[in-house]
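Engineer: Structure in C-alpha coordinates, see below.
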There are 2 protein chains.
Amino acid sequence: VKLGFVGGTGIEGRGLALRFAAAGAEVLIGSRSPERAVKVAAEYNAVLGAESVRGLENSAVVTSADIVFLTVPFDQAPDAVRSILSTVRPGQVLVDVTVPLSFQSGKIEYVEFPEGSSAERIASILPQEVKLVGAFKELPAHVLGDLGIVLDCDVLVCGNSSEARDKVMSAIRLIPTLRPVDAGPLSSARVIERMTLLAVLLNRRYKKKGARFRIQGI
Amino acid sequence: VKLGFVGGTGIEGRGLALRFAAAGAEVLIGSRSPERAVKVAAEYNAVLGAESVRGLENSAVVTSADIVFLTVPFDQAPDAVRSILSTVRPGQVLVDVTVPLSFQSGKIEYVEFPEGSSAERIASILPQEVKLVGAFKELPAHVLGDLGIVLDCDVLVCGNSSEARDKVMSAIRLIPTLRPVDAGPLSSARVIERMTLLAVLLNRRYKKKGARFRIQGI
(Lines give C-alpha, C1' and ligand atoms only; values in the text may rest on other atoms or scores of the structure.)
Protein backbone atom coordinates (compact mmCIF):
# COMPACT_ATOMS: atom_id res chain seq x y z
CA VAL A 1 0.00 0.00 0.00
CA LYS A 2 1.25 3.47 -0.97
CA LEU A 3 0.74 6.09 1.74
CA GLY A 4 1.08 9.80 1.12
CA PHE A 5 1.57 12.54 3.70
CA VAL A 6 0.58 16.05 2.73
CA GLY A 7 2.63 18.27 5.03
CA GLY A 8 4.69 15.18 5.76
CA THR A 9 7.74 17.17 6.80
CA GLY A 10 6.09 18.42 10.02
CA ILE A 11 6.06 16.81 13.45
CA GLU A 12 2.86 14.75 13.00
CA GLY A 13 3.87 13.70 9.49
CA ARG A 14 7.29 12.61 10.75
CA GLY A 15 5.93 10.21 13.38
CA LEU A 16 3.40 8.60 11.07
CA ALA A 17 5.75 8.39 8.09
CA LEU A 18 8.47 6.75 10.20
CA ARG A 19 6.10 4.23 11.80
CA PHE A 20 4.51 3.23 8.48
CA ALA A 21 7.84 3.08 6.65
CA ALA A 22 9.36 0.99 9.45
CA ALA A 23 6.34 -1.33 9.06
CA GLY A 24 7.12 -1.85 5.39
CA ALA A 25 4.67 0.53 3.71
CA GLU A 26 5.68 2.60 0.70
CA VAL A 27 5.76 6.16 2.05
CA LEU A 28 5.64 9.45 0.15
CA ILE A 29 6.04 12.66 2.09
CA GLY A 30 4.91 15.94 0.62
CA SER A 31 5.74 19.58 1.15
CA ARG A 32 4.87 22.75 -0.71
CA SER A 33 8.56 22.81 -1.59
CA PRO A 34 9.75 19.65 -3.39
CA GLU A 35 13.36 20.41 -2.36
CA ARG A 36 12.37 20.44 1.29
CA ALA A 37 10.41 17.18 0.85
CA VAL A 38 13.46 15.48 -0.67
CA LYS A 39 15.73 16.77 2.10
CA VAL A 40 13.41 15.65 4.91
CA ALA A 41 12.82 12.27 3.24
CA ALA A 42 16.59 11.76 3.38
CA GLU A 43 16.53 12.55 7.11
CA TYR A 44 13.73 10.00 7.67
CA ASN A 45 15.63 7.38 5.66
CA ALA A 46 18.71 8.02 7.80
CA VAL A 47 16.63 7.30 10.93
CA LEU A 48 15.20 4.17 9.31
CA GLY A 49 18.49 2.94 7.87
CA ALA A 50 16.69 2.23 4.59
CA GLU A 51 15.54 4.04 1.47
CA SER A 52 11.81 3.67 2.29
CA VAL A 53 10.61 7.27 2.09
CA ARG A 54 10.39 9.51 -0.96
CA GLY A 55 9.89 13.28 -0.93
CA LEU A 56 7.65 15.05 -3.45
CA GLU A 57 5.61 18.20 -3.87
CA ASN A 58 2.25 17.84 -2.05
CA SER A 59 0.06 17.42 -5.14
CA ALA A 60 2.41 14.79 -6.59
CA VAL A 61 1.94 12.87 -3.34
CA VAL A 62 -1.83 13.05 -3.73
CA THR A 63 -1.64 11.80 -7.30
CA SER A 64 0.45 8.75 -6.40
CA ALA A 65 -0.88 7.66 -3.02
CA ASP A 66 -3.66 5.17 -2.22
CA ILE A 67 -4.35 6.82 1.12
CA VAL A 68 -3.47 10.47 1.74
CA PHE A 69 -2.79 11.67 5.30
CA LEU A 70 -3.31 15.33 5.93
CA THR A 71 -0.56 16.04 8.47
CA VAL A 72 -0.69 19.79 8.96
CA PRO A 73 -1.68 21.83 12.02
CA PHE A 74 -5.45 22.20 12.38
CA ASP A 75 -5.49 25.91 11.52
CA GLN A 76 -3.64 25.26 8.24
CA ALA A 77 -5.79 22.27 7.29
CA PRO A 78 -8.50 24.12 5.32
CA ASP A 79 -5.89 25.85 3.10
CA ALA A 80 -3.98 22.60 2.66
CA VAL A 81 -7.18 20.85 1.61
CA ARG A 82 -8.06 23.60 -0.87
CA SER A 83 -4.58 23.37 -2.38
CA ILE A 84 -5.05 19.68 -3.27
CA LEU A 85 -8.75 19.80 -4.20
CA SER A 86 -8.02 19.78 -7.94
CA THR A 87 -5.77 16.72 -7.55
CA VAL A 88 -7.78 14.38 -5.32
CA ARG A 89 -9.63 11.60 -7.12
CA PRO A 90 -13.23 10.56 -6.50
CA GLY A 91 -13.19 7.65 -4.05
CA GLN A 92 -9.74 8.56 -2.76
CA VAL A 93 -9.33 8.27 1.00
CA LEU A 94 -8.10 11.28 2.91
CA VAL A 95 -7.06 10.89 6.55
CA ASP A 96 -7.36 13.84 8.89
CA VAL A 97 -5.14 13.72 11.98
CA THR A 98 -5.71 17.28 13.16
CA VAL A 99 -6.54 18.26 16.72
CA PRO A 100 -7.86 21.77 17.38
CA LEU A 101 -6.05 22.72 20.57
CA SER A 102 -4.92 26.23 21.40
CA PHE A 103 -1.97 26.78 23.72
CA GLN A 104 -2.08 30.29 25.12
CA SER A 105 -0.07 31.49 28.10
CA GLY A 106 0.14 27.98 29.52
CA LYS A 107 -3.56 27.29 29.14
CA ILE A 108 -4.72 24.57 26.77
CA GLU A 109 -8.17 24.71 25.26
CA TYR A 110 -10.23 22.79 22.78
CA VAL A 111 -11.14 25.07 19.91
CA GLU A 112 -14.82 24.62 19.09
CA PHE A 113 -16.06 24.83 15.51
CA PRO A 114 -19.66 25.25 14.37
CA GLU A 115 -19.25 22.00 12.40
CA GLY A 116 -18.65 20.14 15.71
CA SER A 117 -15.02 19.11 15.22
CA SER A 118 -11.96 19.85 13.13
CA ALA A 119 -12.66 16.68 11.14
CA GLU A 120 -16.18 17.77 10.27
CA ARG A 121 -14.91 21.23 9.39
CA ILE A 122 -12.47 19.71 6.89
CA ALA A 123 -15.19 17.42 5.52
CA SER A 124 -17.35 20.46 4.81
CA ILE A 125 -14.73 21.71 2.33
CA LEU A 126 -14.34 18.40 0.51
CA PRO A 127 -16.46 17.16 -2.38
CA GLN A 128 -18.70 14.25 -1.31
CA GLU A 129 -16.80 11.78 -3.51
CA VAL A 130 -13.67 12.15 -1.42
CA LYS A 131 -13.92 10.00 1.69
CA LEU A 132 -12.61 11.61 4.84
CA VAL A 133 -11.44 9.48 7.75
CA GLY A 134 -10.27 10.77 11.13
CA ALA A 135 -7.45 8.81 12.77
CA PHE A 136 -4.37 9.17 14.97
CA LYS A 137 -5.94 12.24 16.57
CA GLU A 138 -5.50 11.07 20.15
CA LEU A 139 -2.01 9.62 19.68
CA PRO A 140 0.77 12.13 20.38
CA ALA A 141 3.06 12.83 17.42
CA HIS A 142 6.23 12.60 19.52
CA VAL A 143 5.20 9.14 20.74
CA LEU A 144 4.75 8.01 17.14
CA GLY A 145 8.05 9.63 16.19
CA ASP A 146 10.08 7.79 18.82
CA LEU A 147 10.41 4.36 17.24
CA GLY A 148 11.82 2.99 20.50
CA ILE A 149 8.42 3.33 22.19
CA VAL A 150 6.24 0.22 21.99
CA LEU A 151 2.86 1.79 21.22
CA ASP A 152 0.66 -0.83 22.88
CA CYS A 153 -2.48 1.25 22.49
CA ASP A 154 -5.48 1.83 20.26
CA VAL A 155 -6.12 4.26 17.42
CA LEU A 156 -9.68 5.45 17.08
CA VAL A 157 -10.84 5.61 13.48
CA CYS A 158 -13.96 7.51 12.43
CA GLY A 159 -15.59 8.48 9.16
CA ASN A 160 -18.89 8.28 7.35
CA SER A 161 -17.74 5.66 4.82
CA SER A 162 -17.22 2.24 6.39
CA GLU A 163 -15.26 1.18 3.31
CA ALA A 164 -12.83 4.07 3.82
CA ARG A 165 -12.54 3.32 7.53
CA ASP A 166 -11.73 -0.31 6.72
CA LYS A 167 -9.03 0.76 4.27
CA VAL A 168 -7.38 2.97 6.89
CA MET A 169 -7.73 0.32 9.61
CA SER A 170 -6.01 -2.22 7.35
CA ALA A 171 -3.10 0.18 6.92
CA ILE A 172 -2.91 0.78 10.68
CA ARG A 173 -2.68 -2.97 11.31
CA LEU A 174 0.73 -2.87 9.62
CA ILE A 175 2.14 -1.08 12.67
CA PRO A 176 3.02 -3.53 15.45
CA THR A 177 1.18 -3.27 18.81
CA LEU A 178 -1.20 -0.64 17.44
CA ARG A 179 -4.85 -1.66 17.23
CA PRO A 180 -7.32 0.27 15.07
CA VAL A 181 -10.73 0.68 16.71
CA ASP A 182 -13.75 1.46 14.56
CA ALA A 183 -15.33 4.51 16.19
CA GLY A 184 -18.09 4.92 13.61
CA PRO A 185 -19.21 8.19 12.02
CA LEU A 186 -17.06 11.27 11.55
CA SER A 187 -18.96 13.00 14.35
CA SER A 188 -17.11 10.72 16.80
CA ALA A 189 -14.21 13.12 16.19
CA ARG A 190 -15.98 15.42 18.65
CA VAL A 191 -15.06 12.98 21.39
CA ILE A 192 -11.73 11.82 20.00
CA GLU A 193 -10.28 15.30 19.47
CA ARG A 194 -11.20 16.21 23.04
CA MET A 195 -9.49 13.04 24.28
CA THR A 196 -6.26 14.55 22.99
CA LEU A 197 -6.83 17.52 25.27
CA LEU A 198 -7.23 15.07 28.13
CA ALA A 199 -4.01 13.28 27.14
CA VAL A 200 -2.12 16.60 27.17
CA LEU A 201 -3.57 17.48 30.59
CA LEU A 202 -2.63 14.05 31.96
CA ASN A 203 0.92 14.36 30.59
CA ARG A 204 1.33 17.66 32.42
CA ARG A 205 -0.17 16.39 35.66
CA TYR A 206 1.77 13.11 35.71
CA LYS A 207 4.94 14.66 34.24
CA LYS A 208 4.92 12.15 31.39
CA LYS A 209 4.88 12.50 27.64
CA GLY A 210 3.10 9.49 26.30
CA ALA A 211 -0.46 9.36 27.69
CA ARG A 212 -2.53 7.39 25.22
CA PHE A 213 -5.64 5.23 25.23
CA ARG A 214 -6.63 1.60 25.20
CA ILE A 215 -10.23 0.47 25.07
CA GLN A 216 -10.85 -2.54 27.27
CA GLY A 217 -13.74 -4.92 26.80
CA ILE A 218 -14.03 -4.84 23.00
CA VAL B 1 -14.56 5.15 55.09
CA LYS B 2 -18.32 5.65 55.03
CA LEU B 3 -19.74 6.05 51.52
CA GLY B 4 -23.24 7.30 50.84
CA PHE B 5 -25.24 6.94 47.66
CA VAL B 6 -28.06 9.40 47.05
CA GLY B 7 -30.35 7.62 44.63
CA GLY B 8 -28.46 4.47 45.53
CA THR B 9 -31.31 2.16 44.58
CA GLY B 10 -30.91 2.91 40.87
CA ILE B 11 -28.75 1.16 38.29
CA GLU B 12 -25.62 3.35 38.71
CA GLY B 13 -25.94 3.32 42.49
CA ARG B 14 -26.27 -0.45 42.50
CA GLY B 15 -22.99 -1.08 40.66
CA LEU B 16 -20.99 1.35 42.78
CA ALA B 17 -22.54 0.29 46.09
CA LEU B 18 -21.88 -3.38 45.34
CA ARG B 19 -18.27 -2.81 44.26
CA PHE B 20 -17.45 -0.61 47.26
CA ALA B 21 -19.23 -2.89 49.74
CA ALA B 22 -17.46 -5.94 48.30
CA ALA B 23 -14.20 -4.02 48.78
CA GLY B 24 -14.91 -3.57 52.48
CA ALA B 25 -16.25 -0.01 52.60
CA GLU B 26 -19.20 0.91 54.81
CA VAL B 27 -21.99 1.63 52.34
CA LEU B 28 -25.21 3.58 52.88
CA ILE B 29 -27.73 3.69 50.07
CA GLY B 30 -30.38 6.35 50.00
CA SER B 31 -33.77 6.75 48.41
CA ARG B 32 -36.55 9.29 48.79
CA SER B 33 -38.46 6.43 50.39
CA PRO B 34 -36.66 4.92 53.39
CA GLU B 35 -38.71 1.71 53.02
CA ARG B 36 -37.46 1.30 49.47
CA ALA B 37 -33.88 1.98 50.58
CA VAL B 38 -34.11 -0.75 53.25
CA LYS B 39 -35.63 -3.19 50.80
CA VAL B 40 -32.97 -2.60 48.10
CA ALA B 41 -30.17 -2.71 50.68
CA ALA B 42 -31.40 -6.20 51.61
CA GLU B 43 -31.21 -7.17 47.92
CA TYR B 44 -27.62 -5.88 47.69
CA ASN B 45 -26.68 -7.75 50.86
CA ALA B 46 -28.13 -10.93 49.38
CA VAL B 47 -25.87 -10.51 46.33
CA LEU B 48 -22.88 -9.81 48.58
CA GLY B 49 -23.64 -12.59 51.05
CA ALA B 50 -22.96 -10.14 53.88
CA GLU B 51 -24.71 -7.39 55.82
CA SER B 52 -22.52 -4.58 54.38
CA VAL B 53 -25.12 -2.18 53.00
CA ARG B 54 -27.65 -0.12 54.92
CA GLY B 55 -30.67 1.66 53.44
CA LEU B 56 -31.77 5.11 54.62
CA GLU B 57 -33.65 8.14 53.43
CA ASN B 58 -31.44 10.29 51.14
CA SER B 59 -30.78 13.12 53.61
CA ALA B 60 -29.88 10.66 56.39
CA VAL B 61 -27.30 9.23 54.01
CA VAL B 62 -25.85 12.69 53.44
CA THR B 63 -25.66 13.35 57.18
CA SER B 64 -23.75 10.13 57.91
CA ALA B 65 -21.44 9.69 54.93
CA ASP B 66 -17.86 10.94 54.46
CA ILE B 67 -18.23 10.93 50.70
CA VAL B 68 -21.62 11.25 49.03
CA PHE B 69 -22.17 9.84 45.55
CA LEU B 70 -24.96 11.36 43.54
CA THR B 71 -26.24 8.36 41.60
CA VAL B 72 -29.30 9.62 39.81
CA PRO B 73 -29.94 10.12 36.07
CA PHE B 74 -28.48 13.41 34.78
CA ASP B 75 -31.85 15.07 34.24
CA GLN B 76 -32.86 14.39 37.84
CA ALA B 77 -29.54 15.52 39.30
CA PRO B 78 -30.35 19.23 39.82
CA ASP B 79 -33.51 18.37 41.79
CA ALA B 80 -31.69 15.71 43.80
CA VAL B 81 -28.96 18.22 44.65
CA ARG B 82 -31.49 20.84 45.71
CA SER B 83 -33.23 18.29 47.95
CA ILE B 84 -30.02 17.69 49.95
CA LEU B 85 -28.68 21.28 49.93
CA SER B 86 -29.82 21.95 53.49
CA THR B 87 -28.10 18.77 54.72
CA VAL B 88 -24.67 18.88 53.07
CA ARG B 89 -21.85 20.13 55.30
CA PRO B 90 -19.18 22.65 54.29
CA GLY B 91 -16.14 20.70 53.09
CA GLN B 92 -18.17 17.60 52.38
CA VAL B 93 -17.27 15.80 49.18
CA LEU B 94 -19.98 15.12 46.65
CA VAL B 95 -19.29 12.81 43.72
CA ASP B 96 -21.17 13.29 40.48
CA VAL B 97 -21.37 10.24 38.22
CA THR B 98 -23.92 11.59 35.75
CA VAL B 99 -23.58 11.40 31.99
CA PRO B 100 -25.87 13.54 29.85
CA LEU B 101 -26.80 11.19 27.03
CA SER B 102 -30.14 11.18 25.28
CA PHE B 103 -31.41 8.01 23.65
CA GLN B 104 -34.08 8.84 21.12
CA SER B 105 -35.36 6.48 18.43
CA GLY B 106 -32.10 4.55 18.47
CA LYS B 107 -29.91 7.65 18.18
CA ILE B 108 -27.59 8.51 21.05
CA GLU B 109 -26.51 12.08 21.58
CA TYR B 110 -24.46 14.05 24.07
CA VAL B 111 -26.70 16.68 25.65
CA GLU B 112 -24.82 19.99 25.72
CA PHE B 113 -25.24 22.40 28.62
CA PRO B 114 -24.25 26.07 28.70
CA GLU B 115 -22.07 25.26 31.73
CA GLY B 116 -19.99 22.90 29.53
CA SER B 117 -20.85 19.57 31.14
CA SER B 118 -23.33 17.92 33.47
CA ALA B 119 -20.72 18.10 36.25
CA GLU B 120 -20.30 21.86 35.85
CA ARG B 121 -24.06 22.28 35.70
CA ILE B 122 -24.42 20.53 39.06
CA ALA B 123 -21.51 22.53 40.51
CA SER B 124 -23.34 25.74 39.58
CA ILE B 125 -26.16 24.80 41.98
CA LEU B 126 -23.88 23.92 44.91
CA PRO B 127 -22.50 26.34 47.48
CA GLN B 128 -18.74 26.87 47.04
CA GLU B 129 -17.95 25.12 50.33
CA VAL B 130 -19.21 21.80 49.02
CA LYS B 131 -16.54 20.14 46.90
CA LEU B 132 -17.81 18.46 43.76
CA VAL B 133 -15.83 15.66 42.13
CA GLY B 134 -16.71 13.92 38.87
CA ALA B 135 -15.90 10.19 38.72
CA PHE B 136 -17.11 6.88 37.28
CA LYS B 137 -18.71 8.76 34.41
CA GLU B 138 -17.07 6.71 31.67
CA LEU B 139 -17.49 3.34 33.38
CA PRO B 140 -20.75 1.58 32.48
CA ALA B 141 -23.05 0.90 35.44
CA HIS B 142 -23.80 -2.65 34.32
CA VAL B 143 -20.08 -3.44 34.22
CA LEU B 144 -19.72 -2.18 37.78
CA GLY B 145 -22.82 -4.12 38.80
CA ASP B 146 -21.56 -7.46 37.52
CA LEU B 147 -19.09 -8.41 40.25
CA GLY B 148 -17.82 -11.26 38.09
CA ILE B 149 -16.19 -8.80 35.68
CA VAL B 150 -12.56 -7.96 36.47
CA LEU B 151 -12.57 -4.21 35.85
CA ASP B 152 -8.96 -3.84 34.79
CA CYS B 153 -9.41 -0.23 33.70
CA ASP B 154 -9.07 3.37 34.84
CA VAL B 155 -11.53 5.78 36.40
CA LEU B 156 -11.04 9.41 35.49
CA VAL B 157 -11.47 11.73 38.45
CA CYS B 158 -11.94 15.48 38.03
CA GLY B 159 -12.79 18.40 40.29
CA ASN B 160 -11.53 21.82 41.26
CA SER B 161 -10.35 20.78 44.74
CA SER B 162 -7.27 18.56 44.65
CA GLU B 163 -7.93 17.56 48.26
CA ALA B 164 -11.41 16.32 47.32
CA ARG B 165 -10.06 14.49 44.27
CA ASP B 166 -7.47 12.78 46.49
CA LYS B 167 -10.17 11.69 48.93
CA VAL B 168 -12.22 10.13 46.13
CA MET B 169 -9.17 8.54 44.54
CA SER B 170 -8.26 6.93 47.86
CA ALA B 171 -11.73 5.41 48.07
CA ILE B 172 -11.49 4.15 44.49
CA ARG B 173 -8.22 2.38 45.29
CA LEU B 174 -10.22 0.06 47.56
CA ILE B 175 -11.71 -1.58 44.46
CA PRO B 176 -9.35 -4.21 43.02
CA THR B 177 -7.99 -3.70 39.46
CA LEU B 178 -9.51 -0.23 39.24
CA ARG B 179 -7.04 2.65 38.98
CA PRO B 180 -8.08 6.22 39.70
CA VAL B 181 -6.54 8.73 37.29
CA ASP B 182 -6.33 12.39 38.28
CA ALA B 183 -7.87 14.29 35.36
CA GLY B 184 -7.56 17.72 36.95
CA PRO B 185 -10.26 20.40 36.98
CA LEU B 186 -14.00 19.82 36.79
CA SER B 187 -14.00 21.09 33.21
CA SER B 188 -12.31 17.81 32.21
CA ALA B 189 -15.82 16.38 32.56
CA ARG B 190 -16.46 17.85 29.09
CA VAL B 191 -14.14 15.20 27.70
CA ILE B 192 -14.95 12.41 30.13
CA GLU B 193 -18.73 12.58 29.71
CA ARG B 194 -18.29 12.45 25.94
CA MET B 195 -16.04 9.38 26.32
CA THR B 196 -19.08 7.60 27.68
CA LEU B 197 -20.89 8.35 24.44
CA LEU B 198 -17.94 6.79 22.61
CA ALA B 199 -18.07 3.72 24.88
CA VAL B 200 -21.78 3.28 24.09
CA LEU B 201 -21.12 3.62 20.35
CA LEU B 202 -18.27 1.10 20.54
CA ASN B 203 -20.43 -1.36 22.48
CA ARG B 204 -23.06 -1.17 19.72
CA ARG B 205 -20.55 -1.48 16.92
CA TYR B 206 -18.59 -4.36 18.47
CA LYS B 207 -21.69 -6.01 19.96
CA LYS B 208 -20.14 -5.90 23.42
CA LYS B 209 -21.29 -4.43 26.70
CA GLY B 210 -18.17 -3.48 28.59
CA ALA B 211 -16.16 -0.93 26.56
CA ARG B 212 -14.07 1.04 29.06
CA PHE B 213 -10.81 2.93 29.10
CA ARG B 214 -7.25 2.50 30.19
CA ILE B 215 -4.69 5.26 29.90
CA GLN B 216 -1.31 3.95 28.80
CA GLY B 217 1.95 5.77 29.44
CA ILE B 218 1.13 7.39 32.78
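Just so we're on the same page: first chain in the C-alpha coordinates is A, next is B, and so on; residues restart at 1 for each chain, and ligands are numbered from 1 in the order they show up.
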Please build the interface table for chain B against chain A with a cut-off of 8 Å, listing for each qualifying residue the nearest atom pair and the distance in Å to one decimal; count only C-alpha atoms, order rows by chain and increasing number, and write it as CSV.

Structural biologist:
residue,atom,partner,partner_atom,distance
B:Asp152,CA,A:Gln216,CA,7.9
B:Cys153,CA,A:Gln216,CA,7.0
B:Asp182,CA,A:Leu202,CA,7.5
B:Ala183,CA,A:Leu202,CA,6.3
B:Gly184,CA,A:Leu201,CA,7.5
B:Ser188,CA,A:Leu198,CA,7.1
B:Val191,CA,A:Arg194,CA,5.6
B:Arg194,CA,A:Val191,CA,5.6
B:Met195,CA,A:Val191,CA,6.2
B:Leu198,CA,A:Val191,CA,6.9
B:Leu201,CA,A:Ala183,CA,7.2
B:Leu202,CA,A:Ala183,CA,6.3
B:Asn203,CA,A:Ile218,CA,7.3
B:Arg205,CA,A:Gly184,CA,7.6
B:Tyr206,CA,A:Ile218,CA,6.4
B:Lys208,CA,A:Ile218,CA,6.2
B:Lys209,CA,A:Gly217,CA,7.6
B:Gly210,CA,A:Gly217,CA,5.0
B:Ala211,CA,A:Gly217,CA,4.7
B:Arg212,CA,A:Gln216,CA,5.1
B:Phe213,CA,A:Ile215,CA,4.8
B:Arg214,CA,A:Arg214,CA,5.1
B:Ile215,CA,A:Phe213,CA,4.8
B:Gln216,CA,A:Arg212,CA,5.1
B:Gly217,CA,A:Ala211,CA,4.7
B:Ile218,CA,A:Ala211,CA,5.7

Engineer: Can you tell me which residues surround stretch 23-29 of chain B at a distance of at most 7 Å, considering only C-alpha atoms, apart from same-chain residues fewer than 6 positions away, and format the answer as a list of chain:residue names?

Structural biologist: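 In the requested form, the answer reads B:Val1, B:Lys2, B:Leu3, B:Gly4, B:Phe5, B:Val6, B:Gly8, B:Thr9, B:Ala17, B:Ala37, B:Ala41, B:Ser52, B:Val53, B:Arg54, B:Gly55, B:Leu56, B:Val61, B:Leu174, B:Ile175.
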
Engineer: What lies within 9 Å of B:Val93 using only C-alpha atoms, ignoring chain neighbours under 2 positions off, as a list in words?

Structural biologist: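 Selected residues are Asp66, Ile67, Val68, Phe69, Val88, Arg89, Pro90, Gly91, Val95, Val130, Lys131, Leu132, Val133, Ala164, Arg165, Lys167 and Val168 of chain B.
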
Engineer: Mind pulling up the distance from atom CA of A:Leu18 to atom CA of A:Asn45?

Structural biologist: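 So the answer is 8.5 Å.
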
Engineer: So the first atom is atom CA of B:Pro176 and the second is atom CA of B:Tyr44; what is the distance between them in Å, to one decimal place?

Structural biologist: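 Between atom CA of B:Pro176 and atom CA of B:Tyr44 the gap works out to 18.9 Å.
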
Engineer: As number ranges by chain, please: the residues near stretch 114-128 of chain A (cut-off 8 Å, only C-alpha atoms, same-chain neighbours under 2 positions excluded).

Structural biologist: A: 74, 77-78, 81-82, 85, 96, 98-100, 112, 130-132, 134, 186-187, 189-190, 193

Engineer: Tell me, as a short mmCIF file (atom, residue, chain, number, x, y, z; two decimals) with N, CA and C atoms, in the first residue's frame, which residues lie within 9 Å of A:Ala80, counting only C-alpha atoms; anything in the same chain fewer than 4 positions away does not count.

Structural biologist:
data_model
loop_
_atom_site.label_atom_id
_atom_site.label_comp_id
_atom_site.auth_asym_id
_atom_site.auth_seq_id
_atom_site.Cartn_x
_atom_site.Cartn_y
_atom_site.Cartn_z
N VAL A 6 0.58 14.63 3.09
CA VAL A 6 0.58 16.05 2.73
C VAL A 6 1.00 16.83 3.97
N GLY A 7 2.05 17.63 3.84
CA GLY A 7 2.63 18.27 5.03
C GLY A 7 3.43 17.25 5.82
N LEU A 70 -3.44 13.88 5.87
CA LEU A 70 -3.31 15.33 5.93
C LEU A 70 -2.62 15.66 7.26
N VAL A 72 -1.00 18.36 8.76
CA VAL A 72 -0.69 19.79 8.96
C VAL A 72 -1.41 20.23 10.23
N GLN A 76 -4.09 25.22 9.64
CA GLN A 76 -3.64 25.26 8.24
C GLN A 76 -4.37 24.24 7.37
N ILE A 84 -5.11 20.99 -2.58
CA ILE A 84 -5.05 19.68 -3.27
C ILE A 84 -6.39 19.27 -3.88
N LEU A 85 -7.39 20.14 -3.74
CA LEU A 85 -8.75 19.80 -4.20
C LEU A 85 -8.78 19.40 -5.68
#

Engineer: Could you please write out, as a PyMOL selection string, every residue of chain B that DSSP assigns to strand (DSSP E or B)?

Structural biologist: chain B and resi 2-6+26-31+53-57+67-70+93-96+101-104+107-110+131-134+153-159+178-182+212-216
